[in-house]
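Printed here is query.cif (mmCIF, C-alpha atoms):
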```
data_upload
#
loop_
_atom_site.label_atom_id
_atom_site.label_comp_id
_atom_site.auth_asym_id
_atom_site.auth_seq_id
_atom_site.Cartn_x
_atom_site.Cartn_y
_atom_site.Cartn_z
CA MET A 1 -33.50 61.38 -46.40
CA GLU A 2 -32.81 64.94 -47.52
CA HIS A 3 -29.28 65.54 -48.80
CA VAL A 4 -27.57 68.96 -48.80
CA GLU A 5 -24.12 70.16 -49.76
CA ALA A 6 -23.06 71.55 -46.40
CA VAL A 7 -24.51 71.71 -42.91
CA VAL A 8 -23.47 74.29 -40.32
CA ILE A 9 -24.24 73.29 -36.74
CA GLY A 10 -24.90 76.40 -34.69
CA GLY A 11 -26.48 79.70 -35.67
CA GLY A 12 -24.42 82.08 -33.57
CA GLN A 13 -21.61 84.32 -34.77
CA ALA A 14 -19.39 81.39 -35.82
CA GLY A 15 -22.18 79.57 -37.63
CA LEU A 16 -23.37 82.68 -39.45
CA ALA A 17 -19.82 83.55 -40.51
CA ALA A 18 -19.37 79.97 -41.73
CA ALA A 19 -22.62 80.10 -43.72
CA HIS A 20 -21.56 83.39 -45.32
CA ALA A 21 -18.18 81.93 -46.28
CA LEU A 22 -19.68 78.71 -47.66
CA ALA A 23 -22.10 80.70 -49.82
CA ALA A 24 -19.21 82.85 -51.07
CA ALA A 25 -17.41 79.63 -52.01
CA GLY A 26 -20.34 78.61 -54.20
CA LEU A 27 -22.03 76.19 -51.81
CA LYS A 28 -25.59 76.12 -50.47
CA PRO A 29 -25.32 75.79 -46.71
CA VAL A 30 -28.07 74.80 -44.28
CA VAL A 31 -27.67 76.18 -40.76
CA LEU A 32 -29.10 74.09 -37.92
CA GLU A 33 -29.71 76.22 -34.80
CA ALA A 34 -31.00 74.59 -31.61
CA SER A 35 -32.80 77.67 -30.26
CA GLY A 36 -35.56 79.69 -31.82
CA ARG A 37 -33.26 82.53 -32.88
CA ALA A 38 -30.02 82.78 -34.84
CA ALA A 39 -28.21 84.96 -32.32
CA GLY A 40 -26.07 82.38 -30.55
CA SER A 41 -25.42 82.79 -26.84
CA TRP A 42 -25.65 86.59 -26.85
CA PRO A 43 -29.25 86.84 -25.59
CA HIS A 44 -28.26 84.71 -22.57
CA TYR A 45 -25.27 86.62 -21.21
CA TYR A 46 -25.50 88.82 -18.12
CA ASP A 47 -27.50 92.00 -18.55
CA SER A 48 -24.67 94.53 -18.27
CA LEU A 49 -22.31 92.88 -20.76
CA THR A 50 -20.86 95.02 -23.51
CA LEU A 51 -18.38 94.08 -26.22
CA PHE A 52 -14.72 94.42 -25.34
CA SER A 53 -13.99 95.77 -28.83
CA PRO A 54 -15.49 98.90 -30.46
CA ALA A 55 -18.22 98.53 -33.07
CA ARG A 56 -15.81 99.32 -35.94
CA PHE A 57 -13.83 96.16 -35.07
CA SER A 58 -16.79 93.95 -34.17
CA ALA A 59 -18.52 93.09 -37.44
CA LEU A 60 -18.85 89.85 -39.36
CA PRO A 61 -17.88 89.82 -43.06
CA GLY A 62 -20.27 91.68 -45.32
CA LEU A 63 -22.20 93.78 -42.80
CA PRO A 64 -20.81 96.71 -40.77
CA PHE A 65 -22.06 96.90 -37.21
CA GLY A 66 -23.64 100.32 -37.65
CA GLY A 67 -24.00 103.23 -35.25
CA GLY A 68 -21.11 105.06 -33.62
CA PRO A 69 -17.96 103.19 -34.64
CA ASP A 70 -16.08 103.85 -31.38
CA ARG A 71 -18.80 102.76 -28.96
CA TYR A 72 -18.85 99.37 -27.21
CA PRO A 73 -22.15 97.73 -28.18
CA HIS A 74 -24.37 96.25 -25.49
CA ARG A 75 -25.33 92.57 -25.39
CA ASP A 76 -28.76 93.23 -26.89
CA GLU A 77 -27.26 95.28 -29.73
CA VAL A 78 -25.05 92.34 -30.64
CA ALA A 79 -28.00 89.95 -30.64
CA GLY A 80 -29.93 92.35 -32.86
CA TYR A 81 -26.95 92.67 -35.21
CA LEU A 82 -26.81 88.87 -35.56
CA ASP A 83 -30.55 88.82 -36.32
CA ARG A 84 -29.97 91.27 -39.17
CA TYR A 85 -26.98 89.34 -40.42
CA ALA A 86 -28.94 86.08 -40.48
CA ALA A 87 -31.79 87.72 -42.40
CA ARG A 88 -29.39 88.79 -45.16
CA LEU A 89 -27.62 85.46 -45.59
CA ASP A 90 -27.92 83.40 -48.74
CA ALA A 91 -28.47 80.27 -46.67
CA GLN A 92 -31.28 78.25 -45.13
CA ILE A 93 -31.45 78.78 -41.37
CA ARG A 94 -33.52 76.19 -39.54
CA THR A 95 -34.15 77.18 -35.95
CA GLY A 96 -35.42 74.71 -33.35
CA SER A 97 -33.13 72.10 -34.91
CA ARG A 98 -30.87 70.66 -32.23
CA VAL A 99 -28.38 68.14 -33.59
CA ALA A 100 -28.22 64.89 -31.65
CA GLU A 101 -25.49 63.10 -33.57
CA VAL A 102 -23.24 63.27 -36.61
CA ALA A 103 -22.16 59.96 -38.12
CA ALA A 104 -20.02 58.98 -41.10
CA ALA A 105 -22.08 57.32 -43.82
CA GLY A 106 -20.43 56.20 -47.04
CA GLY A 107 -18.40 59.25 -47.93
CA HIS A 108 -20.76 61.79 -46.42
CA PHE A 109 -22.29 62.59 -43.04
CA ARG A 110 -25.64 61.64 -41.55
CA ILE A 111 -27.00 64.29 -39.18
CA ALA A 112 -29.65 63.17 -36.70
CA LEU A 113 -31.82 65.78 -35.00
CA GLU A 114 -33.26 65.47 -31.51
CA ALA A 115 -36.71 66.04 -32.97
CA GLY A 116 -36.32 62.77 -34.84
CA ALA A 117 -35.76 64.03 -38.38
CA GLY A 118 -32.42 64.00 -40.13
CA LEU A 119 -30.47 64.81 -43.26
CA THR A 120 -27.19 63.97 -44.95
CA ALA A 121 -24.46 66.33 -46.08
CA GLY A 122 -21.18 66.20 -47.94
CA ALA A 123 -19.58 68.62 -45.48
CA VAL A 124 -20.21 69.67 -41.89
CA VAL A 125 -19.06 72.75 -39.99
CA ALA A 126 -19.18 72.43 -36.20
CA ALA A 127 -19.82 75.98 -35.00
CA SER A 128 -21.82 75.46 -31.82
CA GLY A 129 -19.52 77.50 -29.60
CA SER A 130 -18.92 76.81 -25.93
CA PHE A 131 -21.70 78.54 -23.97
CA GLY A 132 -23.52 75.22 -23.61
CA ASN A 133 -20.52 73.70 -21.82
CA PRO A 134 -19.56 75.93 -18.87
CA HIS A 135 -16.40 74.80 -17.10
CA ARG A 136 -16.90 73.93 -13.44
CA PRO A 137 -13.50 73.20 -11.86
CA ALA A 138 -13.14 70.72 -9.02
CA LEU A 139 -12.83 73.17 -6.13
CA PRO A 140 -12.44 71.79 -2.60
CA GLY A 141 -15.80 71.29 -0.91
CA LEU A 142 -17.85 72.78 -3.72
CA GLU A 143 -20.26 69.83 -3.81
CA SER A 144 -20.96 70.17 -0.07
CA PHE A 145 -21.57 73.93 -0.10
CA THR A 146 -25.12 74.62 1.04
CA GLY A 147 -25.31 78.12 -0.38
CA ARG A 148 -26.08 78.97 -3.95
CA VAL A 149 -23.59 77.80 -6.60
CA LEU A 150 -23.92 78.96 -10.19
CA HIS A 151 -21.77 79.49 -13.23
CA VAL A 152 -21.56 82.99 -14.69
CA ALA A 153 -23.49 81.57 -17.67
CA ASP A 154 -26.53 81.62 -15.38
CA TYR A 155 -25.87 85.04 -13.84
CA ARG A 156 -27.99 87.96 -15.06
CA THR A 157 -28.11 90.87 -12.58
CA PRO A 158 -26.84 91.65 -9.05
CA ASP A 159 -30.40 92.12 -7.74
CA ALA A 160 -30.76 88.57 -6.40
CA PHE A 161 -27.55 88.94 -4.34
CA GLU A 162 -28.16 92.32 -2.71
CA GLY A 163 -26.81 92.41 0.85
CA GLN A 164 -25.34 88.92 0.60
CA ARG A 165 -21.83 87.50 0.98
CA VAL A 166 -20.70 86.44 -2.49
CA VAL A 167 -17.53 84.77 -3.76
CA VAL A 168 -16.71 85.06 -7.47
CA VAL A 169 -14.11 82.58 -8.73
CA GLY A 170 -12.03 83.56 -11.76
CA ALA A 171 -9.61 86.17 -13.06
CA GLY A 172 -10.90 86.92 -16.57
CA ASN A 173 -13.00 89.75 -17.98
CA SER A 174 -16.34 88.30 -16.91
CA ALA A 175 -15.12 87.45 -13.40
CA VAL A 176 -13.79 90.94 -12.75
CA GLN A 177 -16.76 92.73 -14.30
CA VAL A 178 -19.37 90.66 -12.46
CA ALA A 179 -17.52 90.91 -9.15
CA ALA A 180 -17.21 94.70 -9.47
CA GLU A 181 -20.92 94.93 -10.31
CA LEU A 182 -21.90 92.79 -7.33
CA ALA A 183 -19.63 94.72 -4.97
CA ARG A 184 -21.83 97.79 -5.30
CA THR A 185 -24.68 96.10 -3.41
CA SER A 186 -23.14 93.07 -1.68
CA ARG A 187 -19.95 92.05 0.11
CA THR A 188 -18.02 90.40 -2.68
CA THR A 189 -14.66 88.66 -2.92
CA LEU A 190 -12.91 87.83 -6.17
CA ALA A 191 -11.09 84.53 -5.62
CA THR A 192 -8.20 83.93 -8.02
CA ARG A 193 -5.20 81.61 -8.22
CA ALA A 194 -2.90 84.55 -9.01
CA PRO A 195 -3.16 88.34 -9.08
CA VAL A 196 -5.38 89.70 -11.85
CA LYS A 197 -3.52 90.76 -14.98
CA PHE A 198 -4.78 93.87 -16.74
CA ALA A 199 -4.30 95.20 -20.26
CA ARG A 200 -4.88 98.86 -21.00
CA GLN A 201 -7.94 99.34 -23.15
CA HIS A 202 -6.52 102.50 -24.70
CA LEU A 203 -2.99 103.23 -25.88
CA LEU A 204 -1.97 106.64 -27.24
CA GLY A 205 -5.62 107.62 -27.52
CA ARG A 206 -6.66 104.53 -29.48
CA ASP A 207 -8.49 101.39 -28.44
CA LEU A 208 -6.19 98.37 -28.11
CA HIS A 209 -7.95 96.68 -31.04
CA PHE A 210 -6.82 99.46 -33.37
CA TRP A 211 -3.22 98.46 -32.65
CA LEU A 212 -3.89 94.72 -32.76
CA THR A 213 -5.55 95.07 -36.15
CA GLY A 214 -3.09 97.57 -37.61
CA THR A 215 -0.04 95.50 -36.65
CA GLY A 216 -1.56 92.23 -37.83
CA LEU A 217 -1.25 90.65 -34.38
CA ASP A 218 -5.01 90.09 -34.17
CA GLY A 219 -4.92 87.61 -37.05
CA ALA A 220 -1.47 86.10 -36.50
CA PRO A 221 -1.64 82.28 -36.34
CA PRO A 222 0.08 81.12 -33.13
CA GLY A 223 -3.05 79.14 -32.23
CA ARG A 224 -1.74 76.10 -34.12
CA LEU A 225 1.18 75.94 -31.66
CA LEU A 226 -0.90 76.17 -28.49
CA ARG A 227 -2.08 73.00 -26.83
CA THR A 228 -3.85 74.93 -24.08
CA PRO A 229 -5.27 78.43 -24.73
CA PRO A 230 -3.40 81.01 -22.62
CA PRO A 231 -5.33 83.13 -20.10
CA GLN A 232 -6.45 86.50 -21.39
CA PRO A 233 -5.72 89.70 -19.43
CA VAL A 234 -8.62 91.84 -18.32
CA LEU A 235 -9.21 94.78 -20.67
CA ASP A 236 -9.56 97.84 -18.51
CA ASP A 237 -9.96 101.57 -18.95
CA GLY A 238 -8.90 102.01 -15.33
CA ARG A 239 -12.17 101.42 -13.54
CA TYR A 240 -11.60 97.76 -12.60
CA ARG A 241 -8.05 98.23 -11.41
CA ALA A 242 -9.32 101.09 -9.23
CA ALA A 243 -12.21 98.98 -7.94
CA LEU A 244 -9.88 96.18 -6.85
CA ALA A 245 -7.48 98.67 -5.28
CA ALA A 246 -10.41 100.03 -3.25
CA GLY A 247 -11.48 96.54 -2.17
CA LEU A 248 -14.70 96.66 -4.21
CA PRO A 249 -14.41 93.74 -4.69
CA GLU A 250 -11.62 92.53 -2.47
CA ARG A 251 -9.30 89.94 -4.01
CA ARG A 252 -8.07 86.82 -2.24
CA PRO A 253 -6.35 83.60 -3.26
CA VAL A 254 -8.85 80.84 -4.01
CA PHE A 255 -10.34 79.34 -0.85
CA THR A 256 -8.91 76.11 0.53
CA GLY A 257 -12.28 74.61 1.33
CA LEU A 258 -16.05 74.91 1.53
CA ASP A 259 -18.11 73.14 4.17
CA GLY A 260 -21.83 73.71 4.53
CA ASP A 261 -22.25 77.47 4.37
CA THR A 262 -18.65 78.21 5.41
CA VAL A 263 -15.71 79.18 3.22
CA THR A 264 -12.16 78.73 4.52
CA TRP A 265 -9.46 80.97 3.08
CA ALA A 266 -5.76 80.30 2.52
CA ASP A 267 -4.82 82.28 5.64
CA GLY A 268 -6.96 79.98 7.78
CA THR A 269 -9.83 82.38 8.37
CA ALA A 270 -13.36 81.08 7.89
CA GLU A 271 -16.65 82.86 7.30
CA LYS A 272 -20.15 82.19 6.11
CA ALA A 273 -21.05 82.82 2.48
CA ASP A 274 -24.35 82.94 0.63
CA ALA A 275 -23.24 82.26 -2.94
CA VAL A 276 -20.35 81.14 -5.10
CA ILE A 277 -20.29 82.25 -8.75
CA LEU A 278 -17.94 80.39 -11.06
CA ALA A 279 -16.59 82.67 -13.78
CA THR A 280 -14.26 79.91 -14.88
CA GLY A 281 -14.74 79.84 -18.62
CA TYR A 282 -16.17 77.38 -21.09
CA ARG A 283 -15.15 74.36 -23.13
CA PRO A 284 -16.17 73.48 -26.72
CA HIS A 285 -19.72 72.13 -26.82
CA LEU A 286 -19.58 69.22 -29.28
CA PRO A 287 -21.59 66.30 -27.81
CA TYR A 288 -23.00 65.45 -31.24
CA LEU A 289 -19.51 64.45 -32.43
CA ALA A 290 -18.85 62.03 -29.58
CA ARG A 291 -19.44 58.93 -31.72
CA LEU A 292 -17.75 60.20 -34.88
CA ASP A 293 -14.46 58.30 -34.83
CA GLY A 294 -11.45 60.54 -34.40
CA ALA A 295 -13.33 63.84 -34.37
CA LEU A 296 -12.66 64.45 -30.67
CA ASP A 297 -9.91 63.42 -28.30
CA SER A 298 -10.45 61.52 -25.05
CA ALA A 299 -11.25 64.77 -23.23
CA GLY A 300 -13.91 65.78 -25.76
CA ARG A 301 -11.75 68.42 -27.43
CA PRO A 302 -11.77 68.74 -31.23
CA ARG A 303 -8.86 67.16 -33.08
CA HIS A 304 -8.00 69.72 -35.72
CA ARG A 305 -5.36 71.88 -37.33
CA ASP A 306 -6.45 75.43 -38.10
CA GLY A 307 -10.05 74.20 -37.87
CA ALA A 308 -9.65 71.29 -40.29
CA SER A 309 -10.54 67.93 -38.75
CA LEU A 310 -7.59 65.56 -38.51
CA ALA A 311 -9.84 62.56 -39.09
CA HIS A 312 -12.53 63.67 -41.55
CA PRO A 313 -11.71 65.91 -44.55
CA GLY A 314 -15.35 66.96 -44.84
CA LEU A 315 -15.52 68.21 -41.24
CA ALA A 316 -14.40 71.65 -40.09
CA PHE A 317 -14.55 73.62 -36.85
CA VAL A 318 -15.18 77.37 -36.63
CA GLY A 319 -15.26 79.62 -33.58
CA LEU A 320 -12.91 77.72 -31.27
CA GLU A 321 -10.86 79.74 -28.80
CA TRP A 322 -7.37 80.22 -30.28
CA GLN A 323 -8.39 78.03 -33.24
CA ARG A 324 -5.82 79.92 -35.26
CA SER A 325 -5.42 83.36 -33.72
CA LEU A 326 -6.18 85.61 -30.77
CA SER A 327 -9.47 86.64 -32.39
CA SER A 328 -10.67 83.25 -33.66
CA ASN A 329 -13.71 83.08 -31.38
CA SER A 330 -14.66 86.75 -31.67
CA LEU A 331 -16.95 88.71 -33.95
CA ARG A 332 -13.99 90.52 -35.45
CA GLY A 333 -11.93 87.43 -36.23
CA VAL A 334 -14.19 84.45 -36.81
CA GLY A 335 -14.77 85.41 -40.45
CA ARG A 336 -11.11 84.79 -41.31
CA ASP A 337 -11.23 81.24 -40.01
CA ALA A 338 -14.63 80.65 -41.61
CA SER A 339 -13.26 81.63 -45.03
CA ARG A 340 -10.35 79.22 -44.69
CA ALA A 341 -12.68 76.41 -43.66
CA ALA A 342 -15.12 77.13 -46.50
CA ARG A 343 -12.39 77.06 -49.14
CA ARG A 344 -11.10 73.72 -47.87
CA LEU A 345 -14.58 72.20 -47.76
CA ALA A 346 -15.43 73.47 -51.25
CA SER A 347 -12.25 71.85 -52.58
CA HIS A 348 -13.07 68.61 -50.77
CA LEU A 349 -16.57 68.48 -52.24
CA ALA A 350 -15.24 69.28 -55.72
CA ARG A 351 -12.79 66.37 -55.49
CA ALA A 352 -15.55 64.06 -54.23
CA ARG A 353 -17.71 64.86 -57.26
CA ARG A 354 -14.99 63.89 -59.76
#
```
Structure rendered as structure tokens:
Amino acid sequence: MEHVEAVVIGGGQAGLAAAHALAAAGLKPVVLEASGRAAGSWPHYYDSLTLFSPARFSALPGLPFGGGPDRYPHRDEVAGYLDRYAARLDAQIRTGSRVAEVAAAGGHFRIALEAGAGLTAGAVVAASGSFGNPHRPALPGLESFTGRVLHVADYRTPDAFEGQRVVVVGAGNSAVQVAAELARTSRTTLATRAPVKFARQHLLGRDLHFWLTGTGLDGAPPGRLLRTPPPQPVLDDGRYRAALAAGLPERRPVFTGLDGDTVTWADGTAEKADAVILATGYRPHLPYLARLDGALDSAGRPRHRDGASLAHPGLAFVGLEWQRSLSSNSLRGVGRDASRAARRLASHLARARR
């Protein structure tokens, strides 16, 4: 069986940043990407998505984003940027290589692929993100709803919902943006557990990320103290606050029940609905670690401190939400965590060779 120094599972922004950091630490990483392209989940997001941070604050280590530094790049621009980044990496990137299982094997790891092949490695970085594990909360009556139910991971454009009655569940950036987009051509309600919290995208003429970066808050490490990631406010230049104020979309507390094609609201009113879209976030997608003792907790969450596995010194995580900081799972911040993980893994491998 082929043996390599380090394997990175996932070829999106976290995996590419990890590969860059491992190479900088003197290792020869192999990146295993399940899809046919090292661009992560970006090609699969909804069509109108743009970055929430300007291009100047949205680059991985070693390659500026390019173009106007103050623009907010579109989804397809980000995917293209990741393509370019992958092409420049000093690492093997093997697409079409979905990992089925990681197992401990005599001081190293055995990585089994779904295609049947496999390899061993002295170190493993789990960087597969969360897009493959959309969170679907247990909402009352959701299983009995006869209309269309989908997660925002499967939403692309408002065209399929034109003229329909749509309920979007969630209070984050994606929920508000998708609901506002749908409200232009359909009757849309944004259902939230509490009023939507907004953060101003611009302060004193500068994007919020200028201040977060300049003050050091973007990379501050409170993540190690958080058991549950806090909800993020919706970044807004004023358009979404105005849309909600105008009722496009309207906002209501989350419904109390669904039955057939009927939604019942907290005030007791009931009406028919055509679709429910869950913009309810994601959870880490790590099924390949399920049988690696101690790697995950009983809920399937990674057991780590600052990305370092608590059970296996040769295992690291990169790209987790609030792994270490506010920006840990973003283009602008994942490189910091990747560098820390790479240095630890390089030291571990050096000790193992002695």
**OP:** Find the residue from A:Pro284, A:Pro73, A:Pro313, A:Gly260 that sits nearest to Gly147 (chain A); use all atoms listed in the file when measuring.
**Re:** A:Gly260
Exercise on region 41-56 of chain A, axis-aligned box with 4 Å per side, report centre and edge lengths in Å to one decimal, as AutoDock Vina command-line options:
```
--center_x -21.6 --center_y 91.1 --center_z -27.0 --size_x 23.3 --size_y 24.5 --size_z 25.8
```
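The residue that comes closest to Ala23 (chain A), out of A:Asp90, A:Asp293, A:Asp47, A:Glu77 and on the basis of all atoms listed in the file, is A:Asp90.
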Original post:
At a cut-off of 10 Å from (-11.7, 84.4, -7.2) in the coordinates of the file, what residues are picked up using all atoms listed in the file, written as a list of chain:residue names?
Top reply: A:Val167, A:Val168, A:Val169, A:Gly170, A:Ala171, A:Gly172, A:Ala175, A:Val176, A:Ala179, A:Thr188, A:Thr189, A:Leu190, A:Ala191, A:Thr192, A:Arg193, A:Ala194, A:Pro195, A:Val196, A:Glu250, A:Arg251, A:Arg252, A:Pro253, A:Val254, A:Phe255, A:Val276, A:Ile277, A:Leu278, A:Ala279, A:Thr280
Original post:
What lies within 12 Å of region 210-224 of chain A using all atoms listed in the file, ignoring chain neighbours under 4 positions off, as a PyMOL selection string?
Top reply: chain A and resi 53-58+69-70+200-206+228-230+303-308+320-330+332-337
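When the PyMOL selection byres ((chain A and resi 134) around 9) is run on the displayed coordinates, the residues it returns are Ser130, Phe131, Gly132, Asn133, His135, Arg136, His151, Val152, Ala153, Ala279, Thr280, Gly281, Tyr282, Arg283, Pro284 and His285 of chain A.
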**OP:** Pick out the closest residue to Asn173 (chain A) from this set: A:Ser35, A:Ser97, A:Thr50, A:Thr157. Count all atoms listed in the file.
**Re:** A:Thr50
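If you measure from each of A:Ala19, A:Ala243, A:Val102, A:Leu49 to Asp76 (chain A) using only C-alpha atoms, the closest one turns out to be A:Leu49.
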**OP:** Just give me the gap between CA of Val166 (chain A) and CA of Thr256 (chain A) in Å, one decimal is fine.
**Re:** 16.0 Å
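Relative to CA of Pro43 (chain A), CA of Arg239 (chain A) is found at 25.5 Å.
CA of Phe317 (chain A) to CA of Ala346 (chain A) spans 14.4 Å [interatomic distance, one decimal].
Minimum distance to Leu139 (chain A) across A:Asp259, A:Asp83, A:Glu101, A:Glu181 (counting all atoms listed in the file) occurs at A:Asp259.
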**OP:** Can you turn the PyMOL selection byres ((chain A and resi 115) around 10) into a concrete residue list for this file, as a PyMOL selection string?
**Re:** chain A and resi 96-100+112-114+116-118
**OP:** Pick out the closest residue to Tyr45 (chain A) from this set: A:Val178, A:Leu89, A:Arg165, A:Leu22. Count all atoms listed in the file.
**Re:** A:Val178
